[in-house]
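Engineer: If you scroll down you'll find the structure; I have some questions about it.
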Amino acid sequence: MNGFASDPKTMHSSSRALLDVRGLKVKFKTNRGEGTAINDVSFTLRRGEVLGLVGESGSGKSVTGMSLMGLIENPGRICGGQILFDGIDLAKLSDLEMERLRGKRIAMIFQDPMMTLNPVLRISTQMIETVRAHDDVTLVEARRRARDALGQVGIPRPEERLDAYPHEFSGGMRQRVAIAIALLHKPDLIIADEPTTALDVTIQAQILSEVQKLTSEYGTALIWITHDLSIVCGLADNVAVMYGGQIVEYGPVAEVIRSPRHRYTDGLLNSVPSRNRRGDRLRQISGFAPSIFSMPQGCAFRPRCSFADDACHQTPPLATHGNHAHRCWHPISSREGLGS
């Protein structure tokens, strides 16, 4: 099937997929013990597709993104699975080999643009260095490409703004610069880790529009990491809902939003203000996401689920219905509908 699989031999097609993640597992070893942050995560992504990676804080979204970029450092480590990017297993590459891909063919946009931008260097310096790190071009050509990238993301007077420092930009404009840097080499894959969370709604909408335009124009695949389902609805082709380090539901956005199967997905949807009647208290999921060092036995969502029973002490198997997949012993039926 497209996107989410338990058996790599039968459920994946690496010849058609740009990114094929199979059984990814990431652990962190600290003084508190060893915890599993990512547990058997599998999905595929094709050129031009947008995947929304959704879940609460601590669900494993950002660790998944950092794993794909080869940025997991001690005390963390990738201890299982494959990350096949255009047929190359990124998990087996050396640091030097990853550096050649990172920024050139795979780029990441962080939530805080100041993680990308150096506050004491002009924007031109940072963008020109990024261009020349991978391409042997003249200073003039590198500056032209930097200017054009700023213009692509809607920054006015790009030639003039190139010589500004990051503090001379607003938060929204700094994020646009970070996106422009990610787009400099027209990468095959961009991983965006909640890049619009701290921005106001107007700027957020503008950036989402630019991202959609650029992915469709260049065929770039995009993983958009967020806790906001409303963003995913208007941006992504498919959505993967993460909880406890696993993808617990996967499918086309419209189908998952219309007919969620996992109780956690249903809870996330019910907590969206637009799905609640005016004057009613917002519905919320009781309890908290588990720590990686005290993960519940069986279904990780069991302690927060009102439908949990003895069966939920065992890990639920993957169930698929066409392109829609979930891991739940007591899935929501089509008759039950949203709002269980």
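Chains: A, B, ... in order of the structure tokens. Residues: from 1 per chain. Ligands: from 1, in order shown.
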Which residues, written as a ChimeraX atom specification, have at least one atom at most 9 Å from A:His330, with only C-alpha atoms counted and residues fewer than 6 positions away on the same chain left out?
Structural biologist: /A:261-263,307-308,312
Engineer: Which polymer residues have any atom within 7 Å of an atom of stretch 134-143 of chain A, counting only C-alpha atoms, with same-chain residues fewer than 4 positions away left out, as a list in words?
Structural biologist: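 The filter keeps Lys104, Ser124, Ile128 and Arg147 of chain A.
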Engineer: Take the residues that were just selected and, keeping C-alpha atoms, output them as a short mmCIF file (atom, residue, chain, number, x, y, z; two decimals), in the first residue's frame.
Structural biologist:
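The resulting selection.cif:
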```
data_model
loop_
_atom_site.label_atom_id
_atom_site.label_comp_id
_atom_site.auth_asym_id
_atom_site.auth_seq_id
_atom_site.Cartn_x
_atom_site.Cartn_y
_atom_site.Cartn_z
CA LYS A 104 22.00 19.49 -1.28
CA SER A 124 24.10 37.11 2.01
CA ILE A 128 26.33 32.26 -0.40
CA ARG A 147 18.64 36.67 -4.23
#
```
Engineer: What is the distance, in Å and to one decimal place, between atom CA of A:Val120 and atom CA of A:Ala164?
Structural biologist: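 Result for atom CA of A:Val120 versus atom CA of A:Ala164: 10.4 Å, one decimal.
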Engineer: Show me, as a PDB file with N, CA and C atoms, in the first residue's frame, the residues that have an atom within 9 Å of A:Asp112 when counting only C-alpha atoms, minus same-chain residues fewer than 4 positions from it.
Structural biologist:
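So selection31.pdb came out as:
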```
ATOM      1  N   THR A 116      18.912  28.022  12.276  1.00  0.00           N
ATOM      2  CA  THR A 116      19.505  27.995  10.944  1.00  0.00           C
ATOM      3  C   THR A 116      20.387  29.204  10.701  1.00  0.00           C
ATOM      4  N   GLY A 171       9.978  37.878  12.786  1.00  0.00           N
ATOM      5  CA  GLY A 171      10.004  36.425  12.947  1.00  0.00           C
ATOM      6  C   GLY A 171       9.543  35.703  11.697  1.00  0.00           C
ATOM      7  N   GLN A 175      11.784  33.260   9.154  1.00  0.00           N
ATOM      8  CA  GLN A 175      11.408  31.909   8.769  1.00  0.00           C
ATOM      9  C   GLN A 175      11.399  31.772   7.257  1.00  0.00           C
ATOM     10  N   GLU A 194       7.623  21.883  12.341  1.00  0.00           N
ATOM     11  CA  GLU A 194       6.761  22.926  12.907  1.00  0.00           C
ATOM     12  C   GLU A 194       7.282  24.331  12.608  1.00  0.00           C
ATOM     13  N   PRO A 195       7.557  24.651  11.353  1.00  0.00           N
ATOM     14  CA  PRO A 195       8.183  25.942  11.043  1.00  0.00           C
ATOM     15  C   PRO A 195       7.270  27.150  11.168  1.00  0.00           C
ATOM     16  N   THR A 196       5.963  26.939  11.310  1.00  0.00           N
ATOM     17  CA  THR A 196       5.041  28.084  11.390  1.00  0.00           C
ATOM     18  C   THR A 196       4.366  28.199  12.752  1.00  0.00           C
ATOM     19  N   ALA A 198       5.263  29.393  15.660  1.00  0.00           N
ATOM     20  CA  ALA A 198       5.409  30.649  16.402  1.00  0.00           C
ATOM     21  C   ALA A 198       4.956  31.870  15.612  1.00  0.00           C
TER      22      ALA A 198
END
```
Engineer: Assign secondary structure with DSSP using the backbone only, and return the residues of stretch 52-207 of chain A in strand (DSSP E) as a ChimeraX atom specification.
Structural biologist: /A:52-54,76-85,88-89,106-109,189-193
Engineer: For A:Val21, please output as JSON, numbers by chain all residues within 8 Å (counting only C-alpha atoms; exclusion window: fewer than 5 positions along the same chain).
Structural biologist: {"A": [41, 42, 43, 44, 81, 82, 83, 84]}
Engineer: Please save C-alpha atoms of the selected residues as a PDB file, in the first residue's frame.
Structural biologist:
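Written out: part24.pdb:
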```
ATOM      1  CA  VAL A  41       8.258   3.373  12.103  1.00  0.00           C
ATOM      2  CA  SER A  42       7.647   2.670   8.407  1.00  0.00           C
ATOM      3  CA  PHE A  43       6.371   4.877   5.594  1.00  0.00           C
ATOM      4  CA  THR A  44       7.091   5.838   1.993  1.00  0.00           C
ATOM      5  CA  GLY A  81      15.579  -0.375  10.390  1.00  0.00           C
ATOM      6  CA  GLN A  82      16.436   1.265   7.094  1.00  0.00           C
ATOM      7  CA  ILE A  83      16.108   4.788   5.697  1.00  0.00           C
ATOM      8  CA  LEU A  84      16.202   4.310   1.934  1.00  0.00           C
TER       9      LEU A  84
END
```
Engineer: Please indicate the distance in Å from atom CA of A:Leu90 to atom CA of A:Pro187, rounded to one decimal place.
Structural biologist: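 Going from atom CA of A:Leu90 over to atom CA of A:Pro187 covers 15.6 Å.
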Engineer: Apply DSSP to the backbone of this structure and, from stretch 41-239 of chain A, keep only the residues in alpha helix (DSSP H); write these as a ChimeraX atom specification.
Structural biologist: /A:61-68,95-101,123-134,139-152,158-161,171-183,201-218,229-235
Engineer: For those residues, write C-alpha atoms to a file as a PDB file, in the first residue's frame.
Structural biologist:
```pdb
ATOM      1  CA  LYS A  61       7.827  13.374  15.338  1.00  0.00           C
ATOM      2  CA  SER A  62      10.972  15.493  15.623  1.00  0.00           C
ATOM      3  CA  VAL A  63      13.190  12.515  16.429  1.00  0.00           C
ATOM      4  CA  THR A  64      11.928  10.873  13.241  1.00  0.00           C
ATOM      5  CA  GLY A  65      12.846  13.978  11.252  1.00  0.00           C
ATOM      6  CA  MET A  66      16.271  14.262  12.865  1.00  0.00           C
ATOM      7  CA  SER A  67      16.897  10.581  12.147  1.00  0.00           C
ATOM      8  CA  LEU A  68      16.247  11.100   8.452  1.00  0.00           C
ATOM      9  CA  ASP A  95      29.129  11.572   8.612  1.00  0.00           C
ATOM     10  CA  LEU A  96      31.017  12.851   5.567  1.00  0.00           C
ATOM     11  CA  GLU A  97      28.665  11.074   3.162  1.00  0.00           C
ATOM     12  CA  MET A  98      25.637  12.526   4.970  1.00  0.00           C
ATOM     13  CA  GLU A  99      27.152  16.019   4.801  1.00  0.00           C
ATOM     14  CA  ARG A 100      27.292  15.732   1.020  1.00  0.00           C
ATOM     15  CA  LEU A 101      23.564  14.950   0.901  1.00  0.00           C
ATOM     16  CA  ILE A 123      22.033  36.908   5.216  1.00  0.00           C
ATOM     17  CA  SER A 124      24.103  37.109   2.012  1.00  0.00           C
ATOM     18  CA  THR A 125      27.135  35.551   3.688  1.00  0.00           C
ATOM     19  CA  GLN A 126      25.127  32.641   5.058  1.00  0.00           C
ATOM     20  CA  MET A 127      23.268  31.927   1.829  1.00  0.00           C
ATOM     21  CA  ILE A 128      26.330  32.263  -0.403  1.00  0.00           C
ATOM     22  CA  GLU A 129      28.282  29.860   1.839  1.00  0.00           C
ATOM     23  CA  THR A 130      25.419  27.385   1.606  1.00  0.00           C
ATOM     24  CA  VAL A 131      25.414  27.541  -2.193  1.00  0.00           C
ATOM     25  CA  ARG A 132      29.190  27.193  -2.535  1.00  0.00           C
ATOM     26  CA  ALA A 133      29.372  24.356   0.012  1.00  0.00           C
ATOM     27  CA  HIS A 134      27.876  22.040  -2.606  1.00  0.00           C
ATOM     28  CA  LEU A 139      30.537  34.523  -5.937  1.00  0.00           C
ATOM     29  CA  VAL A 140      28.349  36.472  -8.358  1.00  0.00           C
ATOM     30  CA  GLU A 141      26.357  33.364  -9.339  1.00  0.00           C
ATOM     31  CA  ALA A 142      25.968  32.298  -5.714  1.00  0.00           C
ATOM     32  CA  ARG A 143      24.637  35.735  -4.792  1.00  0.00           C
ATOM     33  CA  ARG A 144      22.210  35.642  -7.709  1.00  0.00           C
ATOM     34  CA  ARG A 145      20.854  32.296  -6.565  1.00  0.00           C
ATOM     35  CA  ALA A 146      20.520  33.582  -3.001  1.00  0.00           C
ATOM     36  CA  ARG A 147      18.644  36.667  -4.228  1.00  0.00           C
ATOM     37  CA  ASP A 148      16.308  34.584  -6.383  1.00  0.00           C
ATOM     38  CA  ALA A 149      15.572  32.232  -3.468  1.00  0.00           C
ATOM     39  CA  LEU A 150      14.570  35.147  -1.249  1.00  0.00           C
ATOM     40  CA  GLY A 151      12.270  36.386  -3.979  1.00  0.00           C
ATOM     41  CA  GLN A 152      10.691  32.946  -4.306  1.00  0.00           C
ATOM     42  CA  PRO A 158      15.574  40.649  -2.146  1.00  0.00           C
ATOM     43  CA  GLU A 159      18.755  42.260  -3.477  1.00  0.00           C
ATOM     44  CA  GLU A 160      18.646  44.862  -0.724  1.00  0.00           C
ATOM     45  CA  ARG A 161      17.595  42.464   2.055  1.00  0.00           C
ATOM     46  CA  GLY A 171      10.004  36.425  12.947  1.00  0.00           C
ATOM     47  CA  GLY A 172       7.966  35.597   9.850  1.00  0.00           C
ATOM     48  CA  MET A 173      10.604  37.011   7.526  1.00  0.00           C
ATOM     49  CA  ARG A 174      13.376  35.097   9.315  1.00  0.00           C
ATOM     50  CA  GLN A 175      11.408  31.909   8.769  1.00  0.00           C
ATOM     51  CA  ARG A 176      11.072  32.792   5.094  1.00  0.00           C
ATOM     52  CA  VAL A 177      14.856  33.193   4.931  1.00  0.00           C
ATOM     53  CA  ALA A 178      15.284  29.770   6.553  1.00  0.00           C
ATOM     54  CA  ILE A 179      12.928  28.278   3.963  1.00  0.00           C
ATOM     55  CA  ALA A 180      14.830  30.055   1.178  1.00  0.00           C
ATOM     56  CA  ILE A 181      18.092  28.519   2.428  1.00  0.00           C
ATOM     57  CA  ALA A 182      16.476  25.080   2.404  1.00  0.00           C
ATOM     58  CA  LEU A 183      15.395  25.666  -1.206  1.00  0.00           C
ATOM     59  CA  VAL A 201      -2.055  33.191  11.253  1.00  0.00           C
ATOM     60  CA  THR A 202      -1.614  35.570   8.318  1.00  0.00           C
ATOM     61  CA  ILE A 203       2.119  34.915   7.929  1.00  0.00           C
ATOM     62  CA  GLN A 204       1.505  31.196   8.467  1.00  0.00           C
ATOM     63  CA  ALA A 205      -0.971  31.103   5.586  1.00  0.00           C
ATOM     64  CA  GLN A 206       1.453  32.939   3.309  1.00  0.00           C
ATOM     65  CA  ILE A 207       4.287  30.531   4.061  1.00  0.00           C
ATOM     66  CA  LEU A 208       2.045  27.486   3.544  1.00  0.00           C
ATOM     67  CA  SER A 209       0.987  28.881   0.183  1.00  0.00           C
ATOM     68  CA  GLU A 210       4.612  29.399  -0.855  1.00  0.00           C
ATOM     69  CA  VAL A 211       5.581  25.882   0.247  1.00  0.00           C
ATOM     70  CA  GLN A 212       2.733  24.323  -1.742  1.00  0.00           C
ATOM     71  CA  LYS A 213       3.693  26.316  -4.810  1.00  0.00           C
ATOM     72  CA  LEU A 214       7.361  25.356  -4.578  1.00  0.00           C
ATOM     73  CA  THR A 215       6.733  21.639  -3.998  1.00  0.00           C
ATOM     74  CA  SER A 216       4.416  21.461  -6.990  1.00  0.00           C
ATOM     75  CA  GLU A 217       6.798  23.457  -9.179  1.00  0.00           C
ATOM     76  CA  TYR A 218       9.932  21.434  -8.438  1.00  0.00           C
ATOM     77  CA  LEU A 229      -4.306  19.011  12.185  1.00  0.00           C
ATOM     78  CA  SER A 230      -5.856  22.065  10.540  1.00  0.00           C
ATOM     79  CA  ILE A 231      -2.552  22.782   8.754  1.00  0.00           C
ATOM     80  CA  VAL A 232      -2.291  19.196   7.551  1.00  0.00           C
ATOM     81  CA  CYS A 233      -5.827  19.301   6.132  1.00  0.00           C
ATOM     82  CA  GLY A 234      -4.939  22.050   3.692  1.00  0.00           C
ATOM     83  CA  LEU A 235      -1.364  21.047   2.912  1.00  0.00           C
TER      84      LEU A 235
END
```
Engineer: Take atom CA of A:Asp86 and atom CA of A:Asp188 and report the distance between them in Å, one decimal.
Structural biologist: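 Calculated distance between atom CA of A:Asp86 and atom CA of A:Asp188 is 9.4 Å.
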Engineer: Rank A:Lys25, A:Lys92, A:His227, A:Arg16 by their smallest atom-to-atom distance to A:Leu45, using only C-alpha atoms, and report the top residue only.
Structural biologist: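 So, comparing all the options, the nearest one is A:Arg16.
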